[in-house]
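**Q** Provided herewith: input.txt, compact mmCIF, C-alpha atoms.
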# COMPACT_ATOMS: atom_id res chain seq x y z
CA MET H 1 45.17 -119.12 -68.53
CA ALA H 2 47.13 -122.22 -69.59
CA ARG H 3 47.15 -125.13 -67.24
CA PRO H 4 50.45 -126.31 -65.73
CA SER H 5 52.15 -129.03 -67.70
CA PRO H 6 51.42 -132.61 -66.55
CA ALA H 7 53.81 -134.54 -64.34
CA LEU H 8 56.63 -136.11 -66.31
CA ILE H 9 56.30 -139.36 -64.37
CA SER H 10 52.79 -139.83 -65.79
CA VAL H 11 54.08 -140.16 -69.32
CA SER H 12 52.57 -142.71 -71.71
CA TRP H 13 55.37 -145.06 -72.66
CA THR H 14 56.35 -145.71 -76.26
CA VAL H 15 59.21 -147.67 -77.80
CA GLU H 16 60.94 -144.41 -78.70
CA LEU H 17 60.66 -143.03 -75.17
CA ALA H 18 61.81 -146.29 -73.56
CA SER H 19 64.81 -146.38 -75.90
CA ALA H 20 65.66 -142.76 -75.03
CA LEU H 21 65.47 -143.57 -71.31
CA GLU H 22 67.77 -146.56 -71.75
CA SER H 23 70.27 -144.52 -73.78
CA ALA H 24 70.29 -141.68 -71.24
CA ALA H 25 70.74 -144.02 -68.28
CA ALA H 26 73.56 -145.89 -70.02
CA ALA H 27 75.36 -142.68 -71.07
CA ILE H 28 75.13 -141.16 -67.59
CA ALA H 29 76.35 -144.42 -66.03
CA ARG H 30 79.35 -144.49 -68.39
CA LEU H 31 80.19 -140.88 -67.54
CA ASP H 32 79.78 -141.51 -63.81
CA THR H 33 82.17 -144.48 -64.02
CA ARG H 34 84.74 -142.52 -66.00
CA VAL H 35 84.67 -139.60 -63.59
CA SER H 36 85.02 -141.89 -60.58
CA ALA H 37 88.06 -143.62 -62.08
CA SER H 38 89.81 -140.90 -64.07
CA SER H 39 93.00 -139.24 -62.86
CA VAL H 40 91.81 -135.95 -64.40
CA ALA H 41 88.41 -135.94 -62.70
CA SER H 42 89.17 -132.75 -60.75
CA ALA H 43 90.18 -130.85 -63.89
CA TRP H 44 87.17 -132.17 -65.79
CA SER H 45 84.82 -131.13 -62.97
CA VAL H 46 85.99 -127.53 -63.20
CA ARG H 47 85.54 -127.41 -66.97
CA ALA H 48 82.22 -129.27 -66.80
CA ALA H 49 80.90 -126.71 -64.32
CA TRP H 50 81.67 -123.92 -66.76
CA SER H 51 80.01 -125.83 -69.60
CA GLY H 52 76.94 -126.64 -67.52
CA TYR H 53 76.63 -123.06 -66.31
CA ALA H 54 76.82 -121.81 -69.90
CA THR H 55 73.89 -124.08 -70.79
CA ALA H 56 71.87 -122.77 -67.84
CA LEU H 57 72.59 -119.15 -68.78
CA GLN H 58 71.41 -119.80 -72.33
CA LEU H 59 68.18 -121.32 -71.00
CA GLN H 60 67.69 -118.05 -69.10
CA GLY H 61 67.95 -116.15 -72.35
CA VAL H 62 71.42 -114.73 -71.68
CA GLU H 63 73.27 -114.17 -74.95
CA ILE H 64 76.50 -115.88 -74.03
CA ASP H 65 78.51 -118.78 -75.36
CA GLU H 66 80.64 -121.40 -73.67
CA ALA H 67 83.88 -119.64 -74.57
CA GLU H 68 82.84 -116.54 -72.62
CA VAL H 69 82.10 -118.63 -69.53
CA PHE H 70 85.52 -120.29 -69.81
CA SER H 71 87.02 -116.81 -70.15
CA TRP H 72 85.24 -115.71 -66.96
CA GLY H 73 86.24 -118.90 -65.12
CA THR H 74 89.91 -118.59 -65.96
CA GLY H 75 90.01 -114.81 -65.60
CA VAL H 76 91.53 -114.40 -69.06
CA PRO H 77 89.68 -112.01 -71.42
CA LEU H 78 89.25 -113.32 -74.94
CA PRO H 79 90.19 -111.00 -77.80
CA GLY H 80 87.34 -109.54 -79.79
CA ARG H 81 84.75 -110.08 -77.05
CA GLN H 82 82.80 -107.18 -75.57
CA HIS H 83 83.01 -106.53 -71.85
CA ARG H 84 79.73 -107.21 -70.04
CA SER H 85 77.96 -104.59 -67.97
CA SER H 86 78.78 -104.74 -64.27
CA LEU H 87 75.16 -103.88 -63.37
CA ASP H 88 74.01 -107.45 -64.00
CA ASP H 89 76.26 -110.30 -62.87
CA PRO H 90 75.22 -113.48 -64.70
CA PHE H 91 77.70 -115.51 -62.67
CA SER H 92 76.38 -114.67 -59.21
CA ALA H 93 74.86 -118.14 -58.72
CA PHE H 94 77.96 -120.09 -59.74
CA ASP H 95 79.77 -120.44 -56.40
CA GLY H 96 76.64 -121.44 -54.50
CA TRP H 97 75.84 -124.02 -57.16
CA ARG H 98 79.29 -125.59 -56.88
CA ARG H 99 78.85 -125.86 -53.12
CA SER H 100 75.46 -127.51 -53.64
CA LEU H 101 77.03 -130.03 -56.01
CA ALA H 102 79.66 -130.97 -53.46
CA ALA H 103 77.23 -131.16 -50.53
CA THR H 104 75.58 -134.39 -49.44
CA GLY H 105 72.04 -135.01 -48.24
CA HIS H 106 68.55 -135.31 -49.65
CA HIS H 107 67.35 -133.05 -52.42
CA TRP H 108 64.45 -131.67 -50.40
CA GLN H 109 66.53 -130.58 -47.40
CA GLU H 110 67.64 -127.17 -48.64
CA GLN H 111 67.35 -124.46 -51.27
CA LEU H 112 64.13 -125.72 -52.88
CA PRO H 113 61.68 -122.78 -52.72
CA PHE H 114 58.69 -125.09 -52.86
CA THR H 115 57.39 -128.37 -51.53
CA PRO H 116 57.46 -131.00 -54.30
CA GLU H 117 54.10 -132.57 -55.03
CA LEU H 118 54.95 -136.26 -55.17
CA ASP H 119 52.21 -138.45 -56.59
CA ASP H 120 51.63 -142.02 -55.50
CA GLY H 121 53.57 -143.30 -58.50
CA PHE H 122 56.60 -141.10 -57.87
CA ALA H 123 58.66 -143.73 -56.01
CA ALA H 124 58.03 -146.35 -58.72
CA ALA H 125 58.98 -144.05 -61.62
CA PRO H 126 62.44 -144.28 -63.25
CA ALA H 127 65.04 -142.27 -61.36
CA LEU H 128 65.83 -140.00 -64.31
CA LEU H 129 62.18 -139.05 -64.67
CA ARG H 130 61.88 -138.40 -60.94
CA ALA H 131 64.76 -135.92 -61.15
CA CYS H 132 63.25 -134.29 -64.23
CA GLU H 133 59.86 -134.02 -62.52
CA VAL H 134 61.31 -132.24 -59.49
CA MET H 135 63.17 -129.93 -61.86
CA ARG H 136 59.91 -129.24 -63.73
CA GLN H 137 58.18 -128.24 -60.50
CA PHE H 138 61.23 -126.18 -59.56
CA ALA H 139 61.05 -124.34 -62.90
CA LEU H 140 57.37 -123.54 -62.31
CA ALA H 141 58.07 -122.18 -58.82
CA ASP H 142 61.30 -120.31 -59.53
CA ARG H 143 62.04 -118.23 -62.62
CA SER H 144 65.74 -117.89 -61.82
CA ILE H 145 68.63 -119.94 -63.20
CA GLN H 146 68.48 -122.36 -60.26
CA PRO H 147 66.15 -125.04 -61.74
CA TRP H 148 68.48 -125.66 -64.70
CA LEU H 149 71.52 -125.80 -62.42
CA TRP H 150 69.86 -128.20 -60.02
CA LEU H 151 69.34 -131.11 -62.42
CA PRO H 152 72.84 -132.59 -61.73
CA VAL H 153 72.36 -131.84 -58.01
CA LEU H 154 69.11 -133.81 -58.03
CA LEU H 155 70.66 -136.70 -59.95
CA HIS H 156 73.50 -136.89 -57.43
CA ARG H 157 71.37 -136.60 -54.29
CA MET H 158 68.79 -139.06 -55.59
CA GLY H 159 71.55 -141.63 -56.01
CA VAL H 160 71.46 -141.71 -59.80
CA THR H 161 75.16 -140.75 -59.94
CA GLN H 162 77.94 -141.45 -57.49
CA ALA H 163 79.78 -138.26 -58.41
CA PRO H 164 78.26 -134.84 -59.14
CA LEU H 165 78.21 -134.30 -62.90
CA PRO H 166 77.85 -130.54 -63.49
CA SER H 167 77.86 -130.86 -67.27
CA LEU H 168 74.34 -132.37 -67.04
CA ALA H 169 72.88 -128.99 -66.07
CA GLY H 170 70.03 -128.23 -68.44
CA GLY H 171 66.34 -128.38 -69.09
CA HIS H 172 64.00 -126.68 -71.50
CA LYS H 173 62.33 -123.28 -71.49
CA ALA H 174 58.99 -124.89 -72.31
CA LEU H 175 58.87 -126.45 -68.85
CA ARG H 176 57.75 -123.05 -67.58
CA PHE H 177 54.78 -122.94 -69.95
CA GLY H 178 51.41 -124.62 -69.60
CA SER H 179 49.50 -127.25 -71.55
CA LEU H 180 52.56 -129.25 -72.56
CA GLN H 181 52.56 -132.92 -73.39
CA ALA H 182 54.70 -134.99 -71.04
CA GLY H 183 55.92 -137.43 -73.69
CA PRO H 184 57.73 -134.96 -75.98
CA GLN H 185 59.17 -133.14 -72.97
CA CYS H 186 60.58 -136.34 -71.50
CA LEU H 187 62.01 -137.35 -74.86
CA ARG H 188 63.67 -133.96 -75.28
CA LEU H 189 65.18 -133.97 -71.78
CA LEU H 190 66.44 -137.56 -72.03
CA ARG H 191 68.11 -136.91 -75.38
CA GLN H 192 69.64 -133.74 -74.00
CA MET H 193 71.15 -135.65 -71.07
CA THR H 194 72.46 -138.34 -73.42
CA ARG H 195 74.22 -135.76 -75.60
CA ALA H 196 75.67 -133.98 -72.58
CA ALA H 197 76.99 -137.25 -71.10
CA ASP H 198 78.53 -138.36 -74.40
CA GLN H 199 80.18 -134.97 -74.90
CA SER H 200 81.52 -135.12 -71.35
CA ILE H 201 83.10 -138.52 -71.95
CA ALA H 202 84.74 -137.09 -75.07
CA SER H 203 85.98 -134.17 -72.95
CA ILE H 204 87.56 -136.52 -70.41
CA ASP H 205 89.23 -138.43 -73.24
CA ALA H 206 90.61 -135.17 -74.62
CA ILE H 207 91.96 -134.06 -71.24
CA GLU H 208 93.64 -137.42 -70.72
CA ASP H 209 95.10 -137.25 -74.24
CA ASP H 210 96.51 -133.78 -73.52
CA ARG H 211 98.00 -135.10 -70.29
CA ARG H 212 99.67 -138.05 -72.04
CA ARG H 213 100.90 -135.83 -74.85
CA ALA H 214 102.47 -133.46 -72.36
CA ILE H 215 104.15 -136.30 -70.49
CA TYR H 216 105.67 -137.80 -73.64
CA ALA H 217 106.76 -134.42 -74.98
CA ILE H 218 108.36 -133.30 -71.73
CA SER H 219 110.02 -136.68 -71.08
CA GLY H 220 112.15 -136.27 -74.20
CA LEU H 221 113.62 -132.93 -73.12
CA HIS H 222 116.98 -132.57 -71.43
CA ARG H 223 115.94 -129.39 -69.61
CA PRO H 224 112.15 -129.21 -69.31
CA GLY H 225 112.21 -126.28 -66.89
CA LEU H 226 108.70 -125.32 -65.80
CA LEU H 227 106.92 -127.09 -68.64
CA THR H 228 105.70 -129.76 -66.23
CA ALA H 229 104.22 -127.14 -63.92
CA LEU H 230 102.66 -125.35 -66.90
CA ALA H 231 101.07 -128.57 -68.17
CA ALA H 232 99.61 -129.23 -64.72
CA ALA H 233 98.25 -125.68 -64.49
CA LEU H 234 96.61 -125.97 -67.91
CA LEU H 235 94.43 -128.81 -66.68
CA HIS H 236 92.50 -126.40 -64.45
CA HIS H 237 93.21 -123.22 -66.43
CA PRO H 238 92.76 -124.36 -70.04
CA VAL H 239 92.60 -120.73 -71.22
CA THR H 240 95.57 -118.69 -70.10
CA SER H 241 97.90 -115.81 -70.87
CA PRO H 242 101.47 -114.76 -70.01
CA ASP H 243 100.38 -112.55 -67.12
CA ARG H 244 98.24 -115.36 -65.64
CA ILE H 245 101.12 -117.85 -65.93
CA ALA H 246 103.52 -115.31 -64.47
CA GLU H 247 101.27 -114.93 -61.45
CA THR H 248 100.63 -118.67 -61.07
CA LEU H 249 104.21 -119.91 -61.49
CA GLY H 250 106.05 -116.93 -60.03
CA LEU H 251 107.74 -115.86 -63.28
CA THR H 252 108.38 -112.54 -64.91
CA LEU H 253 106.01 -111.58 -67.70
CA SER H 254 108.80 -112.11 -70.22
CA GLY H 255 109.65 -115.51 -68.77
CA ALA H 256 106.01 -116.59 -68.85
CA GLY H 257 105.70 -115.52 -72.48
CA LYS H 258 108.78 -117.52 -73.45
CA LEU H 259 107.48 -120.55 -71.55
CA LEU H 260 104.15 -120.40 -73.39
CA ASP H 261 105.91 -119.94 -76.74
CA ARG H 262 107.99 -123.03 -76.00
CA ALA H 263 104.87 -124.98 -75.03
CA ALA H 264 103.13 -123.82 -78.22
CA SER H 265 106.06 -125.03 -80.34
CA MET H 266 105.58 -128.46 -78.75
CA ALA H 267 101.78 -128.39 -79.37
CA LEU H 268 101.05 -128.37 -75.63
CA VAL H 269 98.99 -125.17 -76.09
CA ARG H 270 97.57 -123.25 -79.03
CA GLU H 271 97.80 -119.51 -79.42
CA VAL H 272 94.22 -118.30 -80.02
CA SER H 273 94.46 -114.51 -79.92
CA GLY H 274 95.95 -113.96 -83.37
CA ARG H 275 97.97 -110.94 -82.35
CA ARG H 276 101.57 -110.09 -81.46
CA SER H 277 100.90 -108.63 -78.01
CA TRP H 278 98.59 -109.57 -75.12
CA ARG H 279 98.41 -113.10 -76.40
CA VAL H 280 95.93 -115.72 -75.21
CA TYR H 281 96.59 -119.46 -75.23
CA ALA H 282 94.34 -122.49 -74.75
CA ALA H 283 94.76 -126.20 -74.24
CA PRO H 284 94.48 -127.90 -77.66
CA ASP H 285 91.18 -129.68 -76.99
CA VAL H 286 89.57 -126.58 -75.46
CA ALA H 287 90.73 -124.34 -78.31
CA ILE H 288 88.97 -126.60 -80.82
CA ALA H 289 85.87 -127.35 -78.71
CA LEU H 290 85.19 -123.66 -78.05
CA GLY H 291 85.81 -122.63 -81.65
CA LEU H 292 88.85 -120.57 -80.70
CA ALA H 293 91.08 -122.42 -83.18
CA PRO H 294 90.37 -124.64 -86.19
CA ALA H 295 90.60 -128.40 -85.87
CA LEU H 296 93.80 -129.95 -87.09
CA ARG H 297 93.58 -131.39 -90.59
CA GLY H 298 95.42 -134.14 -92.33
CA ARG H 299 96.43 -137.63 -91.37
CA PRO H 300 96.44 -138.13 -87.58
CA ARG H 301 99.72 -138.78 -85.86
CA LYS H 302 100.66 -142.19 -84.56
CA ALA H 303 98.76 -143.01 -81.37
CA LEU H 304 100.65 -142.10 -78.23
CA ASP H 305 100.00 -145.51 -76.71
CA GLN H 306 102.02 -147.12 -79.50
CA LEU H 307 105.11 -145.05 -78.80
CA VAL H 308 107.97 -146.60 -76.89
CA PRO H 309 108.17 -144.74 -73.60
CA PRO H 310 111.56 -143.52 -72.37
CA LYS H 311 113.23 -145.27 -69.49
CA ASP H 312 112.49 -142.47 -67.05
CA ILE H 313 108.79 -142.22 -67.93
CA ASP H 314 107.80 -143.24 -64.40
CA ASP H 315 109.72 -140.29 -62.98
CA ILE H 316 108.12 -137.94 -65.49
CA VAL H 317 104.63 -139.18 -64.65
CA SER H 318 105.32 -138.94 -60.92
CA THR H 319 106.63 -135.39 -61.29
CA PHE H 320 103.61 -134.40 -63.39
CA ASP H 321 101.16 -135.87 -60.89
CA ARG H 322 102.96 -134.15 -58.02
CA GLU H 323 102.81 -130.81 -59.84
CA MET H 324 99.09 -131.32 -60.46
CA ALA H 325 98.50 -132.21 -56.79
CA GLU H 326 100.37 -129.07 -55.72
CA PHE H 327 98.26 -127.01 -58.10
CA ASP H 328 95.09 -128.56 -56.67
CA ALA H 329 96.25 -127.72 -53.15
CA ARG H 330 97.08 -124.14 -54.11
CA PHE H 331 93.93 -123.46 -56.11
CA GLY H 332 91.53 -125.85 -54.39
CA SER H 333 88.71 -123.31 -54.47
CA LEU H 334 88.40 -123.72 -58.22
CA ALA H 335 88.17 -127.51 -58.05
CA ASN H 336 85.88 -127.67 -55.03
CA GLY H 337 83.69 -124.67 -55.71
CA ALA H 338 84.50 -123.05 -52.38
Could you write out this file's structure as structure tokens?

**A**
Amino acid sequence: MARPSPALISVSWTVELASALESAAAAIARLDTRVSASSVASAWSVRAAWSGYATALQLQGVEIDEAEVFSWGTGVPLPGRQHRSSLDDPFSAFDGWRRSLAATGHHWQEQLPFTPELDDGFAAAPALLRACEVMRQFALADRSIQPWLWLPVLLHRMGVTQAPLPSLAGGHKALRFGSLQAGPQCLRLLRQMTRAADQSIASIDAIEDDRRRAIYAISGLHRPGLLTALAAALLHHPVTSPDRIAETLGLTLSGAGKLLDRAASMALVREVSGRRSWRVYAAPDVAIALGLAPALRGRPRKALDQLVPPKDIDDIVSTFDREMAEFDARFGSLANGA
């Protein structure tokens, strides 16, 4: 029988591994700072949880992509996707994980089905490797999805990040096998965290760009109607449909469809269903990131920051932020994982 893999904190350091550790630490620190300061942190956290959960499901061998997890999270079926069997619920661990992310305390106080074996050099090891080592032991003790989900929980509770960063959920299937070399495993995990952090920063940038684009587009309208409320709702529900908008904003199905068509004509959403009835829409950045719509081609438009804002831009921004706060209050369970 193969021996358990060696502790990740006992790795033999090389220039390549030290560089990977530095890159991962810097990328996670940048993401942590952005999340702590961004006005769209709540919306990003919801989307990041779906992305992180999709990664964890794939590590468990579930044949699912990120778009399907977004579809489940928003409650909007995507066209052309098969319905999953109700006998096996791959999302049963999601709500508990979100509560664990939001909770405070030490990582060993709850939910770990084992007692971590902490060597004498554990406290002196880099924080990222300490979190990876606990995750490795977790993966050996528990064959469920939990070890992959707990990496961002460990990073938060060990003080590596000030805010929980659910998009950092991950790991590697090989951690559950024996006779593995610690060096390559550490290198793989550190590079994985670097990519996830960089992609998350790009996601925050995209959400903020969508927010600014909506503000500028709506500010130029004489009668914006419920476009401001729709733009606020799209932050937390980036995949939507007329019936979902009708339920959320208290409209008729026909009124919701017309509102979404108007938003699509202003490039606030993209229609991704490709059909005349039972249409599905997505926020522009999400539609491209999930492969639901092709990326825009051609010369990019003039940067929004260079545009001259209208005189009443402060009122538009205040109204938008108020609508988003009201949406957070109404659907707080999505943002807080309750």

**Q** So, with only C-alpha atoms as the atoms that count, which of H:Val153, H:Leu78, H:Met193, H:Ala141 lies closest to Glu117 of chain H?

**A** H:Ala141

**Q** Counting only C-alpha atoms, which of H:Leu259, H:Phe94, H:Arg244, H:Arg130 gets nearest to Leu227 of chain H?

**A**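 The answer is H:Leu259, which sits nearest to Leu227 of chain H.
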
**Q** Show me a table, sorted first by chain and then by increasing residue number, of the residues of segment 121-239 of chain H having an atom at most 9 Å from segment 287-291 of chain H, each with its shortest atom pair and the distance in Å to one decimal, counting all atoms listed in the file and written as a Markdown table.

**A**
| residue | atom | partner | partner_atom | distance |
| --- | --- | --- | --- | --- |
| H:Ser203 | CA | H:Ala289 | CA | 8.9 |
| H:Pro238 | CA | H:Ala287 | CA | 8.5 |
| H:Val239 | CA | H:Ala287 | CA | 8.2 |

**Q** Mind giving me the axis-aligned box for segment 151-161 of chain H with 5 Å on every side, centre plus edges in Å to one decimal, as AutoDock Vina command-line options?

**A**
--center_x 72.0 --center_y -136.4 --center_z -58.4 --size_x 16.4 --size_y 20.6 --size_z 18.1

**Q** Rank nothing, just name the residue among H:Leu187, H:Gly73, H:Thr115, H:Ala139 nearest to Trp13 of chain H, using all atoms listed in the file.

**A**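 Of the candidates, the smallest distance to Trp13 of chain H is held by H:Leu187.
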
**Q** With 9 Å as the cut-off and only C-alpha atoms counted, what is the closest atom pair between each nearby residue of segment 191-278 of chain H and segment 18-34 of chain H? Distances in Å to one decimal, ordered by chain and number, as a tab-separated table.

**A**
residue	atom	partner	partner_atom	distance
H:Arg191	CA	H:Ala20	CA	6.4
H:Gln192	CA	H:Ala24	CA	8.4
H:Met193	CA	H:Ala24	CA	6.1
H:Thr194	CA	H:Ala24	CA	4.5
H:Arg195	CA	H:Ala24	CA	8.3
H:Ala196	CA	H:Ile28	CA	8.8
H:Ala197	CA	H:Ile28	CA	5.6
H:Asp198	CA	H:Ala27	CA	6.3
H:Ser200	CA	H:Leu31	CA	7.0
H:Ile201	CA	H:Leu31	CA	5.8
H:Ile204	CA	H:Arg34	CA	8.0

**Q** Given all atoms listed in the file as the basis, pick out the residue of H:Val272, H:Val35, H:Leu128, H:Ala54 nearest to Ala169 of chain H.

**A**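 Result for the nearest residue to Ala169 of chain H: H:Ala54.
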
**Q** What gap, in Å, lies between atom CA of Ser144 of chain H and atom CA of Ala67 of chain H?

**A**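 Value for the atom CA of Ser144 of chain H-atom CA of Ala67 of chain H distance: 22.2 Å.
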
**Q** Do you know which residues are at most 7 Å from Ile145 of chain H counting all atoms listed in the file, after dropping those on the same chain fewer than 6 positions away, and could you put them as an NGL selection string?

**A** :H and (56-57 or 60)

**Q** Which distance in Å separates atom CA of Ala217 of chain H and atom CA of Ala232 of chain H, to one decimal?

**A** 13.5 Å

**Q** I'd like the neighbourhood of Phe122 of chain H as JSON, numbers by chain, where a residue qualifies if any of its atoms comes within 9 Å (using only C-alpha atoms), though same-chain residues fewer than 4 positions away should be ignored.

**A** {"H": [9, 10, 118, 126, 130]}

**Q** What is the distance between atom CA of Ala231 of chain H and atom CA of Arg211 of chain H, in Å to one decimal?

**A**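 Atom CA of Arg211 of chain H lies at a distance of 7.5 Å from atom CA of Ala231 of chain H.
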
**Q** From the list H:Glu208, H:Val11, H:Asp65, H:Trp278, which residue is nearest Ala125 of chain H when using all atoms listed in the file?

**A** H:Val11
